[in-house]
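Q: Provided herewith is a single structure, encoded as structure tokens, for subsequent inquiry.
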Amino acid sequence: MSHTIVLLPGDGIGPEVTDATVRIVEAAGVSVRWISHLAGQLAVEAGLGTLPAETLDAIKTHRIALKGPITTPVGKGFTSVNVGLRKALDLYVSLRPVNSLAGVRTRHTDVDLVVFRENTEGLYAGREHEVVPGVVEALKIITEGASRRIAKYAFEYARWRGRRQVTIVHKADVMKLSDGLFLKACQDIARDYPYIRCEEMNIDRCAMELVLEPTRFDVLLMENLYGDILSDLCAGLVGGLGVVPGANIGDTSAVFEAVHGSAPDIAGQNKANPTALLLSAVMMLRHIGELNAARRIELAVERVLSAGDVRTGDLGGRSSTTEYTQAIIDALPDAKEVRV
Ligand code: NAI
């Protein structure tokens with residue numbers, strides 16, 4: 001069966017890691033018609049605006065997109081296209097599995113946790129204004145509805161995947177109303193899942209415990225900003241931003257993208273690690289039922305990283321993106337070798 005997938009290469013290292021990922025997915029024998037679309041600065045330069053209607057329409061039509069990172073100017077210029085895309089498509093779930101990888105040496109082994117981040121509101125609702133010169137207000141929007149639906153998704157995920165514990169992360173002692181509402185909504189949902197242990201934890205303590213003992217965590221559930229920050233922290237536990245995948249999921253469409261950004265410091269140098277986007281593509285392949293190809297790509301990553309002689313600079317190696325991509329393709333097991 002052939003799939004139609006919208007491809008947003010993004011900017012910075014985006015085109016390099018999407019190109020690598022597309023090559024590997026095709027080498028794994030998945031038949032895909034890629035429809036490439038622009039967003040961000042490149043779309044502006046093409047006279048289309050930051051988030052062109054045709055890009056959104058393509059994702060609404062085909063339901064699935066693979067996305068490279070998109071740069072957001074700091075403190076000025078256009079607002080985040082990433083945030084805009086998630087809101088426009090109501091991709092309310094950000095799902096980021098964080099796993100130790102064979103062959104990637106870090107302080108902790110056996111990290112196996114999933115970060116669920118509410119993706120549409122919180123401080124990322126983008127409601128900021130200047131009250132008077134020198135005084136700015138930013139509104140943190142938390143609604144019961146949005147909190148309940150992300151919690152429901154996280155608990156359903158935990159149920160289906162046999163996960164045993166959900167940690168609700170918050171700062172409700174200080175933000176009594178906003179985080180208090182998020183916490184209460186999540187705890188309400190938790191009551192429907194008495195067989196899954198539910199705990200709540202302040203974000204500051206959670207950050208410390210993640211660094212000290214990440215293996216005590218299973219599923220982490222939180223609002224938007226905390227999820228953004230803790231996702232990067234969790235990436236650091238398993239080898240960095242080059243290896244952690246993600247998905248933004250709504251009721252009608254899903255956009256698969258890595259946790260990392262456009263990495264301007266290494267863009268265009270053939271140095272980027274495509275593993276994070278590749279593992280996002282593995283999640284995407286599972287989402288569209290290509291289980292065999294997904295598992296084979298995962299095994300090829302494991303083989304190459306375990307062997308250790310071909311790896312990118314972020315993991316202590318000297319290989320280029322292109323060399324690493326070819327090594328993954330060469331390590332792909334035969335379709336018949338893998339049972340799913
Ligand atoms: P970043 O994730 O782009 O980079 C942080 C550090 O990690 C850099 O040293 C970079 O070289 C390294 N890194 C990231 N991904 C890597 C990879 N695949 N291989 C090897 N090294 C990698 O974060 P930063 O610098 O804060 O953001 C840069 C831009 O990306 C900003 O404009 C930001 O708004 C945007 N961004 C976009 C995201 C998206 O499109 N979903 C997510 C996060 C940031």
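The way I read the labels, and the way they are meant: chains A, B, ... in the order of the structure tokens, residue 1 as the first residue of every chain, and ligand 1 as the first ligand shown, with later ones counted on from there.
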Please check which protein, DNA or RNA residues sit within 9 Å of ligand 1, counting only C-alpha atoms and all ligand atoms, and write them as a count of residues only.
A: 48
Q: Apply DSSP to the structure's backbone, then extract all residues of region 16-145 of chain A labelled alpha helix (DSSP H) and return them as JSON, numbers by chain.
A: {"A": [16, 17, 18, 19, 20, 21, 22, 23, 24, 25, 26, 27, 41, 42, 43, 44, 45, 53, 54, 55, 56, 57, 58, 59, 60, 61, 62, 81, 82, 83, 84, 85, 86, 87, 88, 144, 145]}
Q: Under the rule of at most 9 Å, produce a per-residue listing of region 185-239 of chain A near region 122-125 of chain A: chain, number, name, the closest pair of atoms, and the distance in Å, as JSON lines, using only C-alpha atoms.
A:
{"residue": "A:Glu223", "atom": "CA", "partner": "A:Gly122", "partner_atom": "CA", "distance": 6.4}
{"residue": "A:Asn224", "atom": "CA", "partner": "A:Gly122", "partner_atom": "CA", "distance": 5.6}
{"residue": "A:Leu225", "atom": "CA", "partner": "A:Leu123", "partner_atom": "CA", "distance": 6.6}
Q: Restricting the calculation to only C-alpha atoms, which member of A:Arg205, A:Val136, A:Ala327, A:Leu220 is positioned closest to Glu302 (chain A)?
A: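 Residue with the minimum atom-to-atom distance to Glu302 (chain A): A:Ala327.
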Q: Show which residues sit within 10 Å of region 183-192 of chain A, as a VMD selection string. Count only C-alpha atoms, and ignore same-chain residues fewer than 4 positions away.
A: chain A and resid 143 to 155 166 to 172 176 to 179 196 to 201 221 to 223
Q: Could you list, as a ChimeraX atom specification, every residue within 12 Å of Val98 (chain A), counting only C-alpha atoms and ignoring same-chain residues fewer than 5 positions away?
A: /A:109-116,210,214-215,217-220,230-246,258-259,276,279-280
Q: Put those residues in a file: N, CA and C atoms, as an mmCIF file, in the first residue's frame.
A:
data_model
loop_
_atom_site.group_PDB
_atom_site.id
_atom_site.type_symbol
_atom_site.label_atom_id
_atom_site.label_comp_id
_atom_site.auth_asym_id
_atom_site.auth_seq_id
_atom_site.Cartn_x
_atom_site.Cartn_y
_atom_site.Cartn_z
ATOM 1 N N THR A 109 21.438 4.088 32.624
ATOM 2 C CA THR A 109 21.009 3.123 31.606
ATOM 3 C C THR A 109 19.547 2.799 31.903
ATOM 4 N N ASP A 110 18.894 2.148 30.991
ATOM 5 C CA ASP A 110 17.508 1.695 31.193
ATOM 6 C C ASP A 110 16.495 2.811 31.438
ATOM 7 N N VAL A 111 16.760 3.985 30.914
ATOM 8 C CA VAL A 111 15.725 5.027 30.978
ATOM 9 C C VAL A 111 14.635 4.639 29.970
ATOM 10 N N ASP A 112 13.407 4.652 30.435
ATOM 11 C CA ASP A 112 12.282 4.265 29.570
ATOM 12 C C ASP A 112 11.061 5.026 30.078
ATOM 13 N N LEU A 113 10.923 6.239 29.604
ATOM 14 C CA LEU A 113 9.788 7.050 30.071
ATOM 15 C C LEU A 113 9.154 7.780 28.886
ATOM 16 N N VAL A 114 7.961 8.299 29.119
ATOM 17 C CA VAL A 114 7.239 9.009 28.061
ATOM 18 C C VAL A 114 6.771 10.348 28.622
ATOM 19 N N VAL A 115 7.090 11.415 27.897
ATOM 20 C CA VAL A 115 6.629 12.744 28.310
ATOM 21 C C VAL A 115 5.376 13.095 27.511
ATOM 22 N N PHE A 116 4.293 13.388 28.224
ATOM 23 C CA PHE A 116 3.085 13.927 27.603
ATOM 24 C C PHE A 116 2.978 15.393 27.962
ATOM 25 N N LEU A 210 14.533 13.584 38.151
ATOM 26 C CA LEU A 210 14.844 13.051 36.821
ATOM 27 C C LEU A 210 16.353 12.926 36.621
ATOM 28 N N PRO A 214 16.225 8.746 36.947
ATOM 29 C CA PRO A 214 15.171 8.802 35.912
ATOM 30 C C PRO A 214 14.402 7.502 35.760
ATOM 31 N N THR A 215 15.002 6.395 36.173
ATOM 32 C CA THR A 215 14.328 5.106 35.969
ATOM 33 C C THR A 215 13.128 4.922 36.910
ATOM 34 N N PHE A 217 10.709 6.917 36.910
ATOM 35 C CA PHE A 217 9.563 7.499 36.212
ATOM 36 C C PHE A 217 9.105 6.602 35.066
ATOM 37 N N ASP A 218 7.819 6.751 34.760
ATOM 38 C CA ASP A 218 7.230 5.944 33.695
ATOM 39 C C ASP A 218 6.554 6.886 32.681
ATOM 40 N N VAL A 219 5.359 7.397 33.014
ATOM 41 C CA VAL A 219 4.696 8.391 32.163
ATOM 42 C C VAL A 219 4.672 9.722 32.918
ATOM 43 N N LEU A 220 5.078 10.788 32.246
ATOM 44 C CA LEU A 220 5.052 12.132 32.845
ATOM 45 C C LEU A 220 4.027 12.972 32.096
ATOM 46 N N LEU A 230 11.176 20.062 30.278
ATOM 47 C CA LEU A 230 11.563 18.718 30.747
ATOM 48 C C LEU A 230 11.875 17.771 29.586
ATOM 49 N N SER A 231 11.282 18.015 28.399
ATOM 50 C CA SER A 231 11.625 17.162 27.242
ATOM 51 C C SER A 231 13.115 17.278 26.920
ATOM 52 N N ASP A 232 13.624 18.513 26.935
ATOM 53 C CA ASP A 232 15.057 18.678 26.649
ATOM 54 C C ASP A 232 15.893 18.071 27.769
ATOM 55 N N LEU A 233 15.449 18.260 29.023
ATOM 56 C CA LEU A 233 16.177 17.655 30.141
ATOM 57 C C LEU A 233 16.235 16.130 29.955
ATOM 58 N N CYS A 234 15.092 15.547 29.604
ATOM 59 C CA CYS A 234 15.036 14.090 29.430
ATOM 60 C C CYS A 234 15.913 13.642 28.256
ATOM 61 N N ALA A 235 15.948 14.478 27.193
ATOM 62 C CA ALA A 235 16.824 14.141 26.061
ATOM 63 C C ALA A 235 18.267 14.049 26.551
ATOM 64 N N GLY A 236 18.628 14.969 27.436
ATOM 65 C CA GLY A 236 19.991 14.962 27.980
ATOM 66 C C GLY A 236 20.317 13.688 28.748
ATOM 67 N N LEU A 237 19.307 13.025 29.264
ATOM 68 C CA LEU A 237 19.536 11.790 30.039
ATOM 69 C C LEU A 237 19.939 10.616 29.148
ATOM 70 N N VAL A 238 19.556 10.675 27.867
ATOM 71 C CA VAL A 238 19.769 9.497 27.003
ATOM 72 C C VAL A 238 20.691 9.781 25.826
ATOM 73 N N GLY A 239 21.414 10.915 25.876
ATOM 74 C CA GLY A 239 22.386 11.148 24.815
ATOM 75 C C GLY A 239 22.202 12.473 24.095
ATOM 76 N N GLY A 240 21.155 13.214 24.416
ATOM 77 C CA GLY A 240 21.019 14.549 23.837
ATOM 78 C C GLY A 240 19.889 14.674 22.849
ATOM 79 N N LEU A 241 19.806 15.883 22.270
ATOM 80 C CA LEU A 241 18.665 16.198 21.403
ATOM 81 C C LEU A 241 18.712 15.437 20.088
ATOM 82 N N GLY A 242 19.860 14.903 19.756
ATOM 83 C CA GLY A 242 19.971 14.181 18.476
ATOM 84 C C GLY A 242 19.285 12.830 18.463
ATOM 85 N N VAL A 243 18.775 12.369 19.605
ATOM 86 C CA VAL A 243 18.245 10.988 19.631
ATOM 87 C C VAL A 243 16.802 10.855 20.136
ATOM 88 N N VAL A 244 16.138 11.977 20.464
ATOM 89 C CA VAL A 244 14.792 11.821 21.051
ATOM 90 C C VAL A 244 13.695 12.240 20.065
ATOM 91 N N PRO A 245 12.787 11.301 19.765
ATOM 92 C CA PRO A 245 11.731 11.564 18.783
ATOM 93 C C PRO A 245 10.487 12.152 19.428
ATOM 94 N N GLY A 246 9.529 12.502 18.591
ATOM 95 C CA GLY A 246 8.271 13.006 19.137
ATOM 96 C C GLY A 246 7.147 12.986 18.126
ATOM 97 N N ALA A 258 11.101 15.696 15.674
ATOM 98 C CA ALA A 258 12.030 15.485 16.783
ATOM 99 C C ALA A 258 11.821 16.557 17.853
ATOM 100 N N VAL A 259 12.414 16.320 19.028
ATOM 101 C CA VAL A 259 12.341 17.323 20.099
ATOM 102 C C VAL A 259 13.227 18.533 19.759
ATOM 103 N N ALA A 276 16.973 11.376 15.766
ATOM 104 C CA ALA A 276 15.744 11.840 16.426
ATOM 105 C C ALA A 276 14.587 11.909 15.430
ATOM 106 N N LEU A 279 13.664 8.318 14.344
ATOM 107 C CA LEU A 279 12.822 7.603 15.323
ATOM 108 C C LEU A 279 11.413 8.205 15.382
ATOM 109 N N SER A 280 11.295 9.498 15.045
ATOM 110 C CA SER A 280 9.952 10.088 14.907
ATOM 111 C C SER A 280 9.247 9.428 13.722
#
Q: Figure out the distance between CA of Arg105 (chain A) and CA of Val282 (chain A), please, to one decimal in Å.
A: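 CA of Arg105 (chain A) lies at a distance of 22.1 Å from CA of Val282 (chain A).
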Q: Can you work out which one of A:Pro52, A:Gly289, A:Gly250, A:Pro333 has the shortest atom-to-atom distance to Asp90 (chain A), counting only C-alpha atoms?
A: A:Gly250
Q: Go through A:Val304, A:Val338, A:Val32, A:Val132 one by one, measure the shortest atom-to-atom distance of each to Gly103 (chain A) using only C-alpha atoms, and give the residue with the smallest value.
A: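 Between A:Val304, A:Val338, A:Val32, A:Val132, the residue approaching Gly103 (chain A) most closely is A:Val304.
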Q: Need the shell around Ile297 (chain A): protein/DNA/RNA residues with any atom at most 10 Å away, counting only C-alpha atoms. Skip same-chain ones fewer than 6 positions apart. Format as a list in words?
A: Ile24, Val25, Ala27, Ala28, Leu278, Leu279, Ala281, Val282, Arg303, Ile328, Ile329, Ala331, Leu332 and Pro333 of chain A
